[in-house]
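Below is one structure, written out as structure tokens, with a few remarks after it.
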Amino acid sequence: MKKFTSKITIILTLILVVGLMASSSVLASKMVTDMAGREVEVPDQVNRVVTTYRSATQFVFCLGVQDRLVASDLSFEKISLFQKLYEGEKLPNVGSKRHGLNLEQIIETDPDLVILFPYNDGPEVAEKLKEFNIASIIIVPESYEQIKETTRILGKALGVEERAQQVINQYDKILDIVDKKDSIEEKKKVYFANSDLFDTVGKNMLQTSMIELAGGLNPAKEVKSGFIKTSLEELIKWNPEVIVVSQYYNGTVEDLLARPELQQLKAVKNENVYRFPSKVEPWDFPSPSSYLGIVWLAEKLYPEKYSDLKLEAVVNEYYNTLYEKSYKELGGSNS
């Protein structure tokens, strides 16, 4: 009888140990410092992800974990890249950065991780999610270094650090391609137009960094930081050699070239006015693919220096690494 009792005790102890091991495995977590400086406890297994704005969703796709999405923001159905690569069921939307987030909808999706923006109600939602034991990461991909850092942080949080490093290697390859900018003696002035010709950017903006990394100078940088509303008089005074317009510019390059009041500008005289080319996803917007905007612009500015550049091959390799499909397969064009 004693032997039998002893065996039962051993079996029960083993069951208890196995149960505890399984429980600790399920509850295992790691600490991640997000870009707001918050120490966040993230589950080891992140299988259910909510993104709250376009940039966050782009990082999820480039890290190859879009199958983990359980909800996203309002922009999801507007971006061609997402529609071409996402194969799951229609995602519920959780609001947007501009119009506010639906906390109830986020909680309802039972996420392991929510990726948030640093402004508007992002930090407030992060605090509220803590009350429900839901992990959230705030990202700030507003510069090229921050895009790298975002990739590293999300790679760790999502458990795909090796994939994140592959993506970062592609970033570095682009910067290696454009290192010729250091030998340029007279750098060209480049004016960037957002949705309207007189909506531009100054210091501490991704588009200004893009211009500089491509070997150009942004004259609006001397005005102030952030978004700038400028004027015809100021644009004429700057007299840029090149004008580039956003994918979201309201109008065509042809119409801009035909405007009588712009005919004295060097960029217009020489027809050096270009629209960022990608309709798959914008390259002039903070995202993993904005690195491609650098090399595209460098070739436009200094074609003689990049005469040996095979831009199509560079872009296709980049997309194959980030999205496992070539740019061409995704419906892109470099022109």
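In the structure tokens, chains take the letters A, B, ... in the order shown, each chain's residues start at 1, and ligands count up from 1 in the order shown.
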
So which residues touch segment 276-288 of chain A within 9 Å, counting only C-alpha atoms, skipping near sequence neighbours fewer than 3 positions away, as a ChimeraX atom specification?
/A:54-56,58-59,62,79-82,84,141-144,147-148,151,167,171,206-207,210,244-248,291-294,296-297,322,327,330-335

Save the residues we just selected, C-alpha atoms, as a CSV table (one decimal), in the first residue's frame?
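Contents of part26.csv, freshly written:
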```csv
chain,number,residue,atom,x,y,z
A,54,ARG,CA,0.1,53.1,-41.4
A,55,SER,CA,3.8,53.1,-40.4
A,56,ALA,CA,3.2,50.5,-37.8
A,58,GLN,CA,4.3,48.7,-42.8
A,59,PHE,CA,6.9,47.5,-40.2
A,62,CYS,CA,8.4,44.1,-43.7
A,79,ILE,CA,-2.4,51.0,-49.3
A,80,SER,CA,-1.8,48.8,-52.3
A,81,LEU,CA,1.1,46.9,-50.7
A,82,PHE,CA,-1.2,45.7,-47.8
A,84,LYS,CA,-1.4,42.6,-52.4
A,141,PRO,CA,10.1,56.2,-37.1
A,142,GLU,CA,10.5,59.9,-38.0
A,143,SER,CA,14.2,59.7,-39.2
A,144,TYR,CA,16.3,57.1,-41.0
A,147,ILE,CA,13.5,53.6,-38.8
A,148,LYS,CA,16.4,51.3,-38.0
A,151,THR,CA,12.9,47.7,-36.9
A,167,VAL,CA,15.9,44.3,-43.3
A,171,TYR,CA,18.9,49.8,-45.3
A,206,LEU,CA,12.5,62.7,-43.1
A,207,GLN,CA,12.2,64.3,-46.5
A,210,MET,CA,16.4,62.1,-47.8
A,244,VAL,CA,10.3,66.7,-56.2
A,245,VAL,CA,6.6,66.2,-55.3
A,246,SER,CA,5.0,63.7,-53.0
A,247,GLN,CA,3.1,60.7,-54.3
A,248,TYR,CA,0.1,62.6,-52.7
A,291,TYR,CA,15.2,54.2,-47.9
A,292,LEU,CA,14.4,53.6,-51.6
A,293,GLY,CA,13.5,57.3,-51.9
A,294,ILE,CA,17.2,58.1,-51.2
A,296,TRP,CA,15.9,57.1,-56.5
A,297,LEU,CA,16.5,60.8,-55.8
A,322,LEU,CA,11.3,42.9,-47.1
A,327,TYR,CA,8.5,45.4,-56.8
A,330,LEU,CA,3.6,44.1,-56.6
A,331,GLY,CA,2.7,46.3,-59.5
A,332,GLY,CA,5.4,48.9,-59.0
A,333,SER,CA,7.2,51.1,-61.6
A,334,ASN,CA,10.4,53.1,-61.2
A,335,SER,CA,9.6,55.8,-63.7
```

Report as a VMD selection string all protein, DNA and RNA residues lying within 9 Å of Arg48 of chain A, evaluated on only C-alpha atoms, omitting residues in the same chain fewer than 4 positions from it.
chain A and resid 67 to 71 109 to 114

Can I get the selection written as a PDB file, in the first residue's frame, with N, CA and C atoms?
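Dumped everything to result_13.pdb:
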```pdb
ATOM      1  N   ASP A  67       0.504  37.887 -40.942  1.00  0.00           N
ATOM      2  CA  ASP A  67      -0.512  36.875 -40.615  1.00  0.00           C
ATOM      3  C   ASP A  67      -0.912  36.931 -39.142  1.00  0.00           C
ATOM      4  N   ARG A  68      -0.177  37.696 -38.336  1.00  0.00           N
ATOM      5  CA  ARG A  68      -0.508  37.832 -36.915  1.00  0.00           C
ATOM      6  C   ARG A  68      -1.458  39.010 -36.649  1.00  0.00           C
ATOM      7  N   LEU A  69      -1.740  39.786 -37.670  1.00  0.00           N
ATOM      8  CA  LEU A  69      -2.622  40.946 -37.483  1.00  0.00           C
ATOM      9  C   LEU A  69      -4.045  40.508 -37.154  1.00  0.00           C
ATOM     10  N   VAL A  70      -4.609  41.132 -36.130  1.00  0.00           N
ATOM     11  CA  VAL A  70      -6.016  40.866 -35.795  1.00  0.00           C
ATOM     12  C   VAL A  70      -6.864  42.132 -35.932  1.00  0.00           C
ATOM     13  N   ALA A  71      -6.210  43.287 -36.095  1.00  0.00           N
ATOM     14  CA  ALA A  71      -6.915  44.549 -36.339  1.00  0.00           C
ATOM     15  C   ALA A  71      -5.888  45.584 -36.778  1.00  0.00           C
ATOM     16  N   THR A 109     -10.314  42.578 -29.583  1.00  0.00           N
ATOM     17  CA  THR A 109      -9.553  41.667 -30.458  1.00  0.00           C
ATOM     18  C   THR A 109      -8.576  40.788 -29.684  1.00  0.00           C
ATOM     19  N   ASP A 110      -8.471  41.012 -28.357  1.00  0.00           N
ATOM     20  CA  ASP A 110      -7.628  40.200 -27.486  1.00  0.00           C
ATOM     21  C   ASP A 110      -6.174  40.134 -28.000  1.00  0.00           C
ATOM     22  N   PRO A 111      -5.531  41.291 -28.156  1.00  0.00           N
ATOM     23  CA  PRO A 111      -4.175  41.273 -28.722  1.00  0.00           C
ATOM     24  C   PRO A 111      -3.093  40.910 -27.705  1.00  0.00           C
ATOM     25  N   ASP A 112      -1.999  40.361 -28.208  1.00  0.00           N
ATOM     26  CA  ASP A 112      -0.799  40.168 -27.383  1.00  0.00           C
ATOM     27  C   ASP A 112       0.048  41.441 -27.388  1.00  0.00           C
ATOM     28  N   LEU A 113      -0.061  42.206 -28.487  1.00  0.00           N
ATOM     29  CA  LEU A 113       0.744  43.422 -28.612  1.00  0.00           C
ATOM     30  C   LEU A 113       0.006  44.444 -29.468  1.00  0.00           C
ATOM     31  N   VAL A 114       0.032  45.704 -29.020  1.00  0.00           N
ATOM     32  CA  VAL A 114      -0.542  46.817 -29.782  1.00  0.00           C
ATOM     33  C   VAL A 114       0.600  47.781 -30.104  1.00  0.00           C
TER      34      VAL A 114
END
```

Quick one: distance from atom CA of Ala36 of chain A to atom CA of Asn169 of chain A in Å, one decimal?
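Straight-line distance from atom CA of Ala36 of chain A to atom CA of Asn169 of chain A works out to 24.7 Å.
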
May I ask which of the residues A:Leu74, A:Leu85, A:Ala126, A:Met35 is the closest one to Lys97 of chain A, counting only C-alpha atoms?
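So, comparing all the options, the nearest one is A:Leu74.
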
Measuring atom to atom with only C-alpha atoms, identify which of A:Leu213, A:Glu233, A:Leu265, A:Ile243 is nearest to Ser290 of chain A.
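The answer is A:Leu213, which sits nearest to Ser290 of chain A.
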
Using only C-alpha atoms, which of the listed residues (A:Ser29, A:Asn272, A:Thr57, A:Ser289) sits closest to Asp44 of chain A?
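Smallest separation from Asp44 of chain A among the options: A:Ser29.
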
Based on DSSP run over this structure's backbone, return all residues of segment 136-258 of chain A in strand (DSSP E), as an mmCIF file with N, CA and C atoms, in the first residue's frame.
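What follows is the written file out_14.cif:
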```cif
data_model
loop_
_atom_site.group_PDB
_atom_site.id
_atom_site.type_symbol
_atom_site.label_atom_id
_atom_site.label_comp_id
_atom_site.auth_asym_id
_atom_site.auth_seq_id
_atom_site.Cartn_x
_atom_site.Cartn_y
_atom_site.Cartn_z
ATOM 1 N N SER A 136 1.894 47.143 -25.043
ATOM 2 C CA SER A 136 1.883 48.069 -26.177
ATOM 3 C C SER A 136 3.279 48.667 -26.362
ATOM 4 N N ILE A 137 3.626 48.895 -27.620
ATOM 5 C CA ILE A 137 4.922 49.482 -27.976
ATOM 6 C C ILE A 137 4.651 50.784 -28.722
ATOM 7 N N ILE A 138 5.284 51.874 -28.284
ATOM 8 C CA ILE A 138 5.201 53.145 -29.016
ATOM 9 C C ILE A 138 6.430 53.257 -29.913
ATOM 10 N N VAL A 190 17.239 71.297 -53.749
ATOM 11 C CA VAL A 190 16.072 70.447 -54.038
ATOM 12 C C VAL A 190 14.901 70.932 -53.200
ATOM 13 N N TYR A 191 13.796 71.208 -53.864
ATOM 14 C CA TYR A 191 12.589 71.645 -53.168
ATOM 15 C C TYR A 191 11.599 70.492 -53.160
ATOM 16 N N PHE A 192 11.054 70.184 -51.973
ATOM 17 C CA PHE A 192 10.066 69.111 -51.833
ATOM 18 C C PHE A 192 8.680 69.711 -51.630
ATOM 19 N N ALA A 193 7.720 69.302 -52.461
ATOM 20 C CA ALA A 193 6.327 69.754 -52.315
ATOM 21 C C ALA A 193 5.476 68.601 -51.822
ATOM 22 N N ASP A 199 3.328 73.697 -49.834
ATOM 23 C CA ASP A 199 3.466 72.932 -48.587
ATOM 24 C C ASP A 199 4.783 72.174 -48.659
ATOM 25 N N THR A 200 5.730 72.538 -47.811
ATOM 26 C CA THR A 200 7.038 71.901 -47.870
ATOM 27 C C THR A 200 7.496 71.484 -46.479
ATOM 28 N N VAL A 201 8.778 71.121 -46.344
ATOM 29 C CA VAL A 201 9.314 70.640 -45.061
ATOM 30 C C VAL A 201 10.638 71.323 -44.747
ATOM 31 N N PHE A 227 6.687 70.874 -40.825
ATOM 32 C CA PHE A 227 5.988 71.256 -42.046
ATOM 33 C C PHE A 227 5.971 72.778 -42.173
ATOM 34 N N ILE A 228 6.099 73.263 -43.416
ATOM 35 C CA ILE A 228 6.176 74.707 -43.657
ATOM 36 C C ILE A 228 5.198 75.097 -44.756
ATOM 37 N N LYS A 229 4.501 76.183 -44.535
ATOM 38 C CA LYS A 229 3.674 76.792 -45.582
ATOM 39 C C LYS A 229 4.494 77.937 -46.161
ATOM 40 N N VAL A 242 16.090 71.367 -58.698
ATOM 41 C CA VAL A 242 15.208 70.197 -58.806
ATOM 42 C C VAL A 242 14.011 70.398 -57.877
ATOM 43 N N ILE A 243 12.831 70.016 -58.370
ATOM 44 C CA ILE A 243 11.631 69.981 -57.531
ATOM 45 C C ILE A 243 11.126 68.541 -57.510
ATOM 46 N N VAL A 244 10.876 68.016 -56.316
ATOM 47 C CA VAL A 244 10.257 66.685 -56.220
ATOM 48 C C VAL A 244 8.932 66.841 -55.480
ATOM 49 N N VAL A 245 7.932 66.137 -55.965
ATOM 50 C CA VAL A 245 6.617 66.228 -55.328
ATOM 51 C C VAL A 245 6.227 64.866 -54.776
#
```

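For the choices A:Leu257, A:Leu217, A:Asp176, A:Val223, the atom-to-atom distance to Val314 of chain A is smallest for A:Asp176 when using only C-alpha atoms.
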
Between atom CA of Leu235 of chain A and atom CA of Ile184 of chain A, what is the spacing in Å?
23.8 Å

Give the answer as one residue: which of A:Ala157, A:Ile236, A:Ala164, A:Leu129 has the shortest atom-to-atom distance to Ala267 of chain A, using only C-alpha atoms?
A:Ile236

If we count only C-alpha atoms, what is near Lys189 of chain A at a cut-off of 6 Å, once residues fewer than 2 positions away on the same chain are taken out, given as a ChimeraX atom specification?
/A:216-218,240-241

As a ChimeraX atom specification, list the residues of segment 230-325 of chain A assigned to helix (DSSP H, G or I) by DSSP on the backbone atoms of this structure.
/A:232-238,253-258,260-262,266-269,290-301,311-323

What would the file look like if the residues just selected were written as a PDB file, in the first residue's frame with C-alpha atoms?
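Output (out_6.pdb):
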```pdb
ATOM      1  CA  LEU A 232       5.766  81.833 -54.628  1.00  0.00           C
ATOM      2  CA  GLU A 233       8.149  84.678 -53.723  1.00  0.00           C
ATOM      3  CA  GLU A 234      10.168  82.440 -51.427  1.00  0.00           C
ATOM      4  CA  LEU A 235      10.265  79.612 -53.949  1.00  0.00           C
ATOM      5  CA  ILE A 236      11.540  82.016 -56.640  1.00  0.00           C
ATOM      6  CA  LYS A 237      14.174  83.295 -54.212  1.00  0.00           C
ATOM      7  CA  TRP A 238      15.382  79.751 -53.511  1.00  0.00           C
ATOM      8  CA  VAL A 253       4.073  67.221 -63.029  1.00  0.00           C
ATOM      9  CA  GLU A 254       2.972  68.347 -66.499  1.00  0.00           C
ATOM     10  CA  ASP A 255       0.622  70.971 -65.054  1.00  0.00           C
ATOM     11  CA  LEU A 256       3.317  72.196 -62.686  1.00  0.00           C
ATOM     12  CA  LEU A 257       5.818  72.569 -65.557  1.00  0.00           C
ATOM     13  CA  ALA A 258       3.248  74.595 -67.508  1.00  0.00           C
ATOM     14  CA  PRO A 260       3.484  80.608 -66.143  1.00  0.00           C
ATOM     15  CA  GLU A 261       4.595  81.995 -62.768  1.00  0.00           C
ATOM     16  CA  LEU A 262       7.175  79.197 -62.389  1.00  0.00           C
ATOM     17  CA  LYS A 266      15.819  76.459 -62.910  1.00  0.00           C
ATOM     18  CA  ALA A 267      13.965  73.232 -62.126  1.00  0.00           C
ATOM     19  CA  VAL A 268      11.094  74.172 -64.438  1.00  0.00           C
ATOM     20  CA  LYS A 269      13.304  75.556 -67.234  1.00  0.00           C
ATOM     21  CA  SER A 290      11.583  55.320 -47.624  1.00  0.00           C
ATOM     22  CA  TYR A 291      15.235  54.243 -47.948  1.00  0.00           C
ATOM     23  CA  LEU A 292      14.450  53.610 -51.625  1.00  0.00           C
ATOM     24  CA  GLY A 293      13.506  57.272 -51.948  1.00  0.00           C
ATOM     25  CA  ILE A 294      17.154  58.148 -51.232  1.00  0.00           C
ATOM     26  CA  VAL A 295      18.643  56.105 -54.063  1.00  0.00           C
ATOM     27  CA  TRP A 296      15.872  57.076 -56.510  1.00  0.00           C
ATOM     28  CA  LEU A 297      16.468  60.770 -55.781  1.00  0.00           C
ATOM     29  CA  ALA A 298      20.277  60.448 -55.944  1.00  0.00           C
ATOM     30  CA  GLU A 299      20.003  59.095 -59.496  1.00  0.00           C
ATOM     31  CA  LYS A 300      17.662  61.940 -60.479  1.00  0.00           C
ATOM     32  CA  LEU A 301      20.017  64.569 -59.044  1.00  0.00           C
ATOM     33  CA  LEU A 311      17.891  50.937 -59.958  1.00  0.00           C
ATOM     34  CA  GLU A 312      15.327  48.309 -60.926  1.00  0.00           C
ATOM     35  CA  ALA A 313      17.588  45.528 -59.630  1.00  0.00           C
ATOM     36  CA  VAL A 314      18.203  47.422 -56.361  1.00  0.00           C
ATOM     37  CA  VAL A 315      14.485  48.002 -55.824  1.00  0.00           C
ATOM     38  CA  ASN A 316      13.539  44.402 -56.638  1.00  0.00           C
ATOM     39  CA  GLU A 317      16.163  42.986 -54.269  1.00  0.00           C
ATOM     40  CA  TYR A 318      14.918  45.325 -51.558  1.00  0.00           C
ATOM     41  CA  TYR A 319      11.292  44.267 -51.998  1.00  0.00           C
ATOM     42  CA  ASN A 320      12.197  40.599 -52.278  1.00  0.00           C
ATOM     43  CA  THR A 321      13.969  40.826 -48.913  1.00  0.00           C
ATOM     44  CA  LEU A 322      11.306  42.856 -47.133  1.00  0.00           C
ATOM     45  CA  TYR A 323       8.166  41.416 -48.714  1.00  0.00           C
TER      46      TYR A 323
END
```

For atom CA of Ser209 of chain A and atom CA of Phe117 of chain A, determine how far apart the two atoms are, in Å to one decimal place.
20.9 Å

From A:Val42, A:Lys325, A:Met205, A:Ile174, residue lying nearest Lys130 of chain A [only C-alpha atoms]
A:Val42
